[in-house]
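Before any comments, here is the structure.
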Amino acid sequence: MGDKKGREGQEGQEGQVGQEGQEGQEGRETPGATAELKAILEALIFASPDPLTPKAMYKLLDSEPKEDVQAALDRLKQDYERAGGLQLVEVAGGYQIVTRPDLHEWVRRLFHERTTQRLSVQALETLAVIAYKQPITALEVAEIRGVNTAGVLSTLLDRHLIKIVGRKRVVGRPFLYATTKEFLIRFGLNDLDDLPKVEDMVDALGFEPPALLVEQTPREEMLPLEEPESDEPSENEPSGSVH
């Protein structure tokens with residue numbers, strides 16, 4: 001009788017422990033699932049032509065809890081902190097997997113047959129003025145640089161490094177220019193707050209910044225790009241011209 005009760009008690013205790021252990025395992029994050037989610041994120045970031053934002057990650061992995069996606073992203077960041085040929089960088093509000101900058105010369109050899117179009121010093125100067133003074137008109141850019149910038153502005157527009165964001169509320173209503181998301185991606189910036197100080201541009205871009213660029217001006221009030229229906233375009237002004 002005593003042996004029977006002892007066996008029943010032991011079996012009940014083992015069953016309870018087994019059930020609690022199973023529930024604990026279900027509640028804990030399984031290493032395999034975490035590794036798989038991290039691998040999926042790495043593949044998505046690598047394959048994406050543009051920086052992959054957390055919002056896009058959550059949408060693509062909508063079957064996974066957001067906190068799990070974020071945890072996998074954090075672990076992926078840790079993995080890329082190791083020394084290697086690739087790095088995970090945060091640019092333009094998203095993430096990209098890119099080659100290390102100090103290995104650029106080696107990677108360039110792989111694509112030696114392709115001619116890379118580099119920006120001229122004039123284009124870099126103009127781009128810097130727009131980046132630090134945006135939104136800004138073509139005339140204001142020319143006043144800071146001391147030369148006509150119409151051709152350079154067209155080049156920067158063609159490269160999608162700048163865009164027209166409105167018109168200034170002055171006579172003639174000239175276009176206002178600002179930098180684009182492509183500008184952030186090309187220069188490895190997460191947002192405009194990451195721009196280096198003007199004084200540091202000598203080392204960053206390799207030229208002396210225009211003296212007037214150091215003086216900060218308040219942001220301009222912009223007019224919408226859309227013209228009122230009553231306004232007729234000038235016959236002497238071609239569409240898309242640089243003001």
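Every chain in the structure tokens takes a letter, A first, then B, and so on in the order presented; its residues are numbered from 1, and the ligands are numbered from 1 following the presented order.
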- If we count only C-alpha atoms, what is near stretch 46-55 of chain A at a cut-off of 8 Å, once residues fewer than 5 positions away on the same chain are taken out, given as a ChimeraX atom specification? /A:90-97,185
- Task: Give the answer as one residue: which of A:Lys77, A:Arg159, A:Lys133, A:Glu105 has the shortest atom-to-atom distance to A:Arg186, using only C-alpha atoms?
- Result: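 Looking only at the distances to A:Arg186, the closest residue turns out to be A:Arg159.
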- Item | Polymer residues at most 10 Å from A:Gln122, only C-alpha atoms, same-chain spacing of 3 or more positions, as a list in words |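 Final neighbour list, sorted by chain and number: Leu119, Glu125, Thr126, Leu127, Ala128, Arg145, Val147, Thr149, Val152 and Phe207 of chain A.
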Keeping only N, CA and C atoms, write those residues as a short mmCIF file (atom, residue, chain, number, x, y, z; two decimals), in the first residue's frame.
data_model
loop_
_atom_site.label_atom_id
_atom_site.label_comp_id
_atom_site.auth_asym_id
_atom_site.auth_seq_id
_atom_site.Cartn_x
_atom_site.Cartn_y
_atom_site.Cartn_z
N LEU A 119 32.48 62.97 -59.52
CA LEU A 119 32.06 64.36 -59.50
C LEU A 119 33.29 65.25 -59.52
N GLU A 125 31.69 71.16 -54.73
CA GLU A 125 31.51 72.44 -54.04
C GLU A 125 30.04 72.86 -54.07
N THR A 126 29.44 72.75 -55.24
CA THR A 126 28.03 73.12 -55.38
C THR A 126 27.14 72.24 -54.53
N LEU A 127 27.42 70.94 -54.54
CA LEU A 127 26.65 69.99 -53.74
C LEU A 127 26.79 70.30 -52.25
N ALA A 128 27.99 70.67 -51.83
CA ALA A 128 28.21 71.02 -50.43
C ALA A 128 27.42 72.25 -50.04
N ARG A 145 29.55 80.61 -54.32
CA ARG A 145 30.71 80.04 -55.01
C ARG A 145 31.45 81.05 -55.86
N VAL A 147 30.78 81.80 -59.00
CA VAL A 147 30.74 81.44 -60.42
C VAL A 147 29.34 80.97 -60.79
N THR A 149 26.57 78.48 -61.88
CA THR A 149 26.47 77.06 -61.52
C THR A 149 25.38 76.32 -62.31
N VAL A 152 26.45 72.87 -63.59
CA VAL A 152 26.71 71.94 -62.49
C VAL A 152 25.41 71.48 -61.86
N PHE A 207 38.65 69.67 -50.56
CA PHE A 207 38.73 71.04 -51.06
C PHE A 207 38.34 72.01 -49.96
#
If we count only C-alpha atoms, what is near stretch 37-44 of chain A at a cut-off of 12 Å, once residues fewer than 2 positions away on the same chain are taken out, given as a short mmCIF file (atom, residue, chain, number, x, y, z; two decimals) with N, CA and C atoms, in the first residue's frame?
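Written out: part14.cif:
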data_model
loop_
_atom_site.label_atom_id
_atom_site.label_comp_id
_atom_site.auth_asym_id
_atom_site.auth_seq_id
_atom_site.Cartn_x
_atom_site.Cartn_y
_atom_site.Cartn_z
N GLU A 29 12.86 31.61 -26.39
CA GLU A 29 13.20 31.77 -27.79
C GLU A 29 14.15 30.66 -28.21
N THR A 30 13.82 29.92 -29.24
CA THR A 30 14.65 28.81 -29.67
C THR A 30 15.81 29.33 -30.50
N PRO A 31 17.04 28.85 -30.24
CA PRO A 31 18.21 29.35 -30.99
C PRO A 31 18.06 29.16 -32.49
N GLY A 32 17.46 28.05 -32.91
CA GLY A 32 17.30 27.80 -34.34
C GLY A 32 16.44 28.83 -35.02
N ALA A 33 15.32 29.19 -34.38
CA ALA A 33 14.41 30.18 -34.95
C ALA A 33 15.08 31.54 -35.05
N THR A 34 15.86 31.91 -34.03
CA THR A 34 16.56 33.19 -34.03
C THR A 34 17.59 33.23 -35.14
N ALA A 35 18.35 32.16 -35.30
CA ALA A 35 19.37 32.09 -36.34
C ALA A 35 18.74 32.16 -37.73
N PHE A 46 20.94 42.31 -48.00
CA PHE A 46 21.93 42.14 -49.06
C PHE A 46 21.28 42.28 -50.44
N ALA A 47 20.09 41.72 -50.60
CA ALA A 47 19.43 41.71 -51.92
C ALA A 47 18.72 43.02 -52.25
N SER A 48 18.40 43.82 -51.24
CA SER A 48 17.66 45.05 -51.48
C SER A 48 18.51 46.06 -52.23
N PRO A 49 17.98 46.64 -53.33
CA PRO A 49 18.75 47.65 -54.08
C PRO A 49 18.89 48.96 -53.31
N ASP A 50 17.99 49.22 -52.39
CA ASP A 50 18.01 50.42 -51.56
C ASP A 50 18.16 50.02 -50.10
N PRO A 51 18.59 50.96 -49.25
CA PRO A 51 18.66 50.65 -47.81
C PRO A 51 17.33 50.12 -47.30
N LEU A 52 17.36 49.00 -46.61
CA LEU A 52 16.13 48.36 -46.12
C LEU A 52 15.78 48.94 -44.75
N THR A 53 14.64 49.59 -44.66
CA THR A 53 14.23 50.24 -43.43
C THR A 53 13.59 49.23 -42.47
N PRO A 54 13.61 49.51 -41.16
CA PRO A 54 12.92 48.62 -40.22
C PRO A 54 11.45 48.44 -40.57
N ALA A 56 10.11 48.36 -43.51
CA ALA A 56 10.03 47.38 -44.60
C ALA A 56 10.30 45.97 -44.07
N MET A 57 11.21 45.86 -43.12
CA MET A 57 11.49 44.54 -42.53
C MET A 57 10.26 43.98 -41.84
N TYR A 58 9.59 44.83 -41.05
CA TYR A 58 8.39 44.38 -40.33
C TYR A 58 7.29 43.95 -41.31
N LEU A 60 7.74 42.83 -44.47
CA LEU A 60 8.14 41.59 -45.15
C LEU A 60 8.04 40.39 -44.22
N LEU A 61 8.28 40.63 -42.93
CA LEU A 61 8.24 39.55 -41.94
C LEU A 61 7.04 39.75 -41.01
N SER A 63 4.68 37.96 -40.28
CA SER A 63 4.26 36.80 -39.47
C SER A 63 5.09 36.67 -38.19
N GLU A 64 6.14 37.50 -38.08
CA GLU A 64 7.01 37.46 -36.90
C GLU A 64 6.75 38.67 -36.02
N PRO A 65 6.79 38.51 -34.70
CA PRO A 65 6.65 39.66 -33.80
C PRO A 65 7.75 40.69 -34.06
N LYS A 66 7.39 41.97 -33.96
CA LYS A 66 8.37 43.02 -34.24
C LYS A 66 9.58 42.95 -33.32
N GLU A 67 9.32 42.58 -32.05
CA GLU A 67 10.44 42.51 -31.11
C GLU A 67 11.43 41.41 -31.49
N ASP A 68 10.92 40.32 -32.12
CA ASP A 68 11.80 39.25 -32.57
C ASP A 68 12.64 39.71 -33.77
N VAL A 69 12.00 40.46 -34.67
CA VAL A 69 12.72 40.99 -35.82
C VAL A 69 13.81 41.94 -35.37
N GLN A 70 13.48 42.81 -34.42
CA GLN A 70 14.47 43.76 -33.90
C GLN A 70 15.61 43.04 -33.20
N ALA A 71 15.28 41.99 -32.44
CA ALA A 71 16.31 41.21 -31.75
C ALA A 71 17.25 40.55 -32.76
N ALA A 72 16.68 40.02 -33.84
CA ALA A 72 17.50 39.39 -34.88
C ALA A 72 18.38 40.43 -35.57
N LEU A 73 17.85 41.64 -35.78
CA LEU A 73 18.62 42.71 -36.39
C LEU A 73 19.79 43.11 -35.48
N ASP A 74 19.53 43.21 -34.19
CA ASP A 74 20.59 43.55 -33.24
C ASP A 74 21.71 42.51 -33.26
N ARG A 75 21.33 41.23 -33.34
CA ARG A 75 22.33 40.16 -33.38
C ARG A 75 23.11 40.20 -34.69
N LEU A 76 22.42 40.57 -35.77
CA LEU A 76 23.09 40.68 -37.07
C LEU A 76 24.12 41.82 -37.02
N LYS A 77 23.76 42.92 -36.37
CA LYS A 77 24.71 44.03 -36.21
C LYS A 77 25.95 43.57 -35.46
N GLN A 78 25.74 42.77 -34.42
CA GLN A 78 26.87 42.26 -33.63
C GLN A 78 27.78 41.38 -34.48
N ASP A 79 27.17 40.57 -35.34
CA ASP A 79 27.95 39.69 -36.21
C ASP A 79 28.88 40.50 -37.12
N TYR A 80 28.38 41.64 -37.62
CA TYR A 80 29.15 42.44 -38.57
C TYR A 80 30.12 43.40 -37.89
N LEU A 86 33.10 42.84 -45.35
CA LEU A 86 31.80 43.50 -45.46
C LEU A 86 31.44 44.16 -44.14
N GLN A 87 30.56 45.13 -44.22
CA GLN A 87 30.05 45.78 -43.02
C GLN A 87 28.58 46.13 -43.20
N LEU A 88 27.85 46.13 -42.09
CA LEU A 88 26.44 46.51 -42.07
C LEU A 88 26.37 47.96 -41.64
N GLY A 94 17.82 53.36 -43.35
CA GLY A 94 17.74 51.92 -43.54
C GLY A 94 19.11 51.27 -43.37
N TYR A 95 19.21 50.00 -43.78
CA TYR A 95 20.45 49.24 -43.61
C TYR A 95 20.93 48.68 -44.94
N GLN A 96 22.25 48.67 -45.11
CA GLN A 96 22.87 48.09 -46.30
C GLN A 96 24.09 47.27 -45.88
N ILE A 97 24.38 46.24 -46.68
CA ILE A 97 25.62 45.48 -46.50
C ILE A 97 26.56 45.92 -47.62
N VAL A 98 27.68 46.51 -47.24
CA VAL A 98 28.60 47.09 -48.21
C VAL A 98 30.03 46.63 -47.91
#
- Query: How would you write, as a ChimeraX atom specification, the set of residues in stretch 42-191 of chain A that DSSP gives as helix (DSSP H, G or I)?
  - Reply: /A:42-47,54-60,66-79,101-110,121-133,138-145,150-158,181-186
- Message: Just want the 10 Å neighbourhood of A:Asn148, counted on only C-alpha atoms, with same-chain residues fewer than 6 positions away dropped. Output as a ChimeraX atom specification.
- Response: /A:138-139,141-142
- Note on the structure: Residue with the minimum atom-to-atom distance to A:Arg118, picked from A:Ala150, A:Leu156, A:Ile162, A:Val171 with only C-alpha atoms counted, is A:Leu156
- Task: Check the smallest atom-to-atom distance from each of A:Val170, A:Leu176, A:Val129, A:Leu124 to A:Thr155 using only C-alpha atoms, then report the winner.
- Result: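 Looking only at the distances to A:Thr155, the closest residue turns out to be A:Leu124.
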